[in-house]
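See structure below.
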Amino acid sequence: YISCRKLPPFFTYKHRILYSKSEEVNGVDEIIHPAAREVFRFMDVREGLEIHHDGDLPARSGVGSSSAFTVGLLYALYALRGEMVTKQRLASETIHIEQNMIKENIGSQDQVSAAYGGFNKISFEKNGSFAVTPIILSKERLQDLRNHIMLFFTGFSRVASEIAVEQIKNIPKNKQKLKSIFQLVDEAISIVGSGRDISDFGKLLHESWKIKRSLSGKISNSRIDEIYGTAYRAGALGGKILGAGGGGFMLIFARPKVQSYINEKLKKLLLVPCEFENLGSQIVIYHPEGL
């Protein structure tokens, strides 16, 4: 949740996510928080603003919270100007801010997912463009998929950009592995979009995880391997560390009947309830200036 309001000509930036942190500055260049600073710079903000952010999940945890923040802040500043921008523009400009202005070594999927919401296939082209194709599922099928998902916080975070650096360097020698992961996408869509046993999706995740963890020595570690191995031996069908790897959240895919046993085996970890989100970033409350 992000709120923006105009102030006299000085900035107050307030950011709270599991802890409190505030910045009160006299100009954009003084802002320490990189995403806030570069979004303000991108929008050429020169007037006084108060920005307040509340988040339920820790940063640097692989669930796209950083990009969700950047998308939300950008959207809120456009709304403050009285402009409603498209999801495509919102995602594209967020990618530009994070990759070219903040200069982070990150992908583009989180920005698109945060802007669009929903259950989609996202196709990225070499020229930087992308296409979002909704995956049409029945309510029952979508709920069945959701019922098989468990989301655990490993207890430690990481900086995605630092993890991604090694993955990028390894691309030339990992082309065949990356191609294999790419080919699993259509297979996954075929599973969830048909009457096939949803358990096959979990098995596909397991195969994908085995490939992903081999792309770089920083994606997994002994603690992550221990968590995944414990869940798998307890009956999980598959899973993966989310985001770049190295820590953060782990998704476990398991039949509902074995989830209580898995949770007991991983009782030292935080099991976070989650649901699918269909709308993407939204302007919830809008008060035009003067009203």
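Naming works like this for the structure tokens: A, B, ... for the chains as they're shown, residue 1 at the start of each chain, ligands 1 onward in shown order.
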**Request:** Find the residues around A:Ser67 up to 9 Å (only C-alpha atoms counted), leave out those fewer than 2 positions away in its own chain, and share them as number ranges by chain.
**Result:** A: 35, 64-65, 69-72, 94-95, 98, 110-112, 114
Any chance you could export the current selection's N, CA and C atoms as a JSON list (two decimals), in the first residue's frame?
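Generated output (selection_37.json):
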[["chain", "number", "residue", "atom", "x", "y", "z"],
["A", 35, "ALA", "N", 14.87, 3.14, -5.32],
["A", 35, "ALA", "CA", 13.68, 3.12, -6.17],
["A", 35, "ALA", "C", 12.89, 4.41, -6.05],
["A", 64, "GLY", "N", 9.00, -10.49, -5.59],
["A", 64, "GLY", "CA", 8.76, -9.32, -6.43],
["A", 64, "GLY", "C", 8.33, -8.08, -5.67],
["A", 65, "SER", "N", 8.62, -8.02, -4.37],
["A", 65, "SER", "CA", 8.18, -6.88, -3.57],
["A", 65, "SER", "C", 8.84, -5.58, -4.01],
["A", 69, "PHE", "N", 6.74, -2.38, -5.41],
["A", 69, "PHE", "CA", 6.85, -1.05, -4.83],
["A", 69, "PHE", "C", 7.09, -0.01, -5.93],
["A", 70, "THR", "N", 8.01, -0.29, -6.83],
["A", 70, "THR", "CA", 8.33, 0.66, -7.89],
["A", 70, "THR", "C", 7.13, 0.90, -8.80],
["A", 71, "VAL", "N", 6.45, -0.18, -9.19],
["A", 71, "VAL", "CA", 5.24, -0.05, -10.00],
["A", 71, "VAL", "C", 4.20, 0.79, -9.28],
["A", 72, "GLY", "N", 3.97, 0.48, -7.99],
["A", 72, "GLY", "CA", 2.95, 1.18, -7.22],
["A", 72, "GLY", "C", 3.25, 2.66, -7.05],
["A", 94, "THR", "N", 8.75, 0.92, -15.49],
["A", 94, "THR", "CA", 9.36, 0.36, -14.29],
["A", 94, "THR", "C", 10.61, -0.44, -14.64],
["A", 95, "ILE", "N", 10.55, -1.22, -15.71],
["A", 95, "ILE", "CA", 11.73, -1.97, -16.17],
["A", 95, "ILE", "C", 12.87, -1.00, -16.47],
["A", 98, "GLU", "N", 14.33, 0.43, -13.13],
["A", 98, "GLU", "CA", 15.11, -0.52, -12.32],
["A", 98, "GLU", "C", 16.38, -0.98, -13.03],
["A", 110, "ASP", "N", 8.98, -9.54, -12.92],
["A", 110, "ASP", "CA", 8.31, -9.02, -11.73],
["A", 110, "ASP", "C", 7.56, -7.73, -12.02],
["A", 111, "GLN", "N", 8.17, -6.87, -12.81],
["A", 111, "GLN", "CA", 7.54, -5.59, -13.13],
["A", 111, "GLN", "C", 6.24, -5.81, -13.92],
["A", 112, "VAL", "N", 6.28, -6.73, -14.88],
["A", 112, "VAL", "CA", 5.10, -7.01, -15.70],
["A", 112, "VAL", "C", 4.01, -7.65, -14.83],
["A", 114, "ALA", "N", 3.55, -7.41, -11.60],
["A", 114, "ALA", "CA", 2.99, -6.44, -10.66],
["A", 114, "ALA", "C", 2.04, -5.47, -11.34]]
**Request:** Write down as JSON, numbers by chain the residues of stretch 42-286 of chain A whose backbone DSSP state falls under helix (DSSP H, G or I).
**Result:** {"A": [42, 65, 66, 67, 68, 69, 70, 71, 72, 73, 74, 75, 76, 77, 78, 79, 80, 87, 88, 89, 90, 91, 92, 93, 94, 95, 96, 97, 98, 99, 100, 101, 109, 110, 111, 112, 113, 114, 115, 116, 139, 140, 141, 142, 143, 144, 145, 146, 147, 160, 161, 162, 163, 164, 165, 166, 167, 168, 169, 171, 172, 173, 175, 176, 177, 178, 179, 180, 181, 182, 183, 184, 185, 186, 187, 188, 189, 190, 191, 192, 199, 200, 201, 202, 203, 204, 205, 206, 207, 208, 209, 210, 211, 212, 222, 223, 224, 225, 226, 227, 228, 229, 230, 231, 232, 233, 256, 257, 258, 259, 260, 261, 262, 263, 264, 265]}
**Item:** Between atom CA of A:Tyr116 and atom CA of A:Ile51, distance in Å (one decimal)
**Value:**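 Spanning atom CA of A:Tyr116 to atom CA of A:Ile51 is a straight-line distance of 22.8 Å.
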**Asked** When DSSP works through the backbone of this structure, what residues of stretch 31-100 of chain A end up as strand (DSSP E or B), shown as a PyMOL selection string?
**Response** chain A and resi 48-55
Take the residues just selected and output them with C-alpha atoms as a PDB file, in the first residue's frame.
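out_38.pdb, written as the output of this step:
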ATOM      1  CA  GLY A  48       6.843  18.766  -1.984  1.00  0.00           C
ATOM      2  CA  LEU A  49       5.457  15.266  -1.423  1.00  0.00           C
ATOM      3  CA  GLU A  50       4.787  12.839   1.396  1.00  0.00           C
ATOM      4  CA  ILE A  51       5.031   9.186   0.435  1.00  0.00           C
ATOM      5  CA  HIS A  52       3.936   6.489   2.874  1.00  0.00           C
ATOM      6  CA  HIS A  53       4.482   2.796   2.162  1.00  0.00           C
ATOM      7  CA  ASP A  54       3.191  -0.221   4.103  1.00  0.00           C
ATOM      8  CA  GLY A  55       4.313  -3.726   3.138  1.00  0.00           C
TER       9      GLY A  55
END
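For the pair atom CA of A:Val192 and atom CA of A:Ile149, the separation is 13.5 Å.
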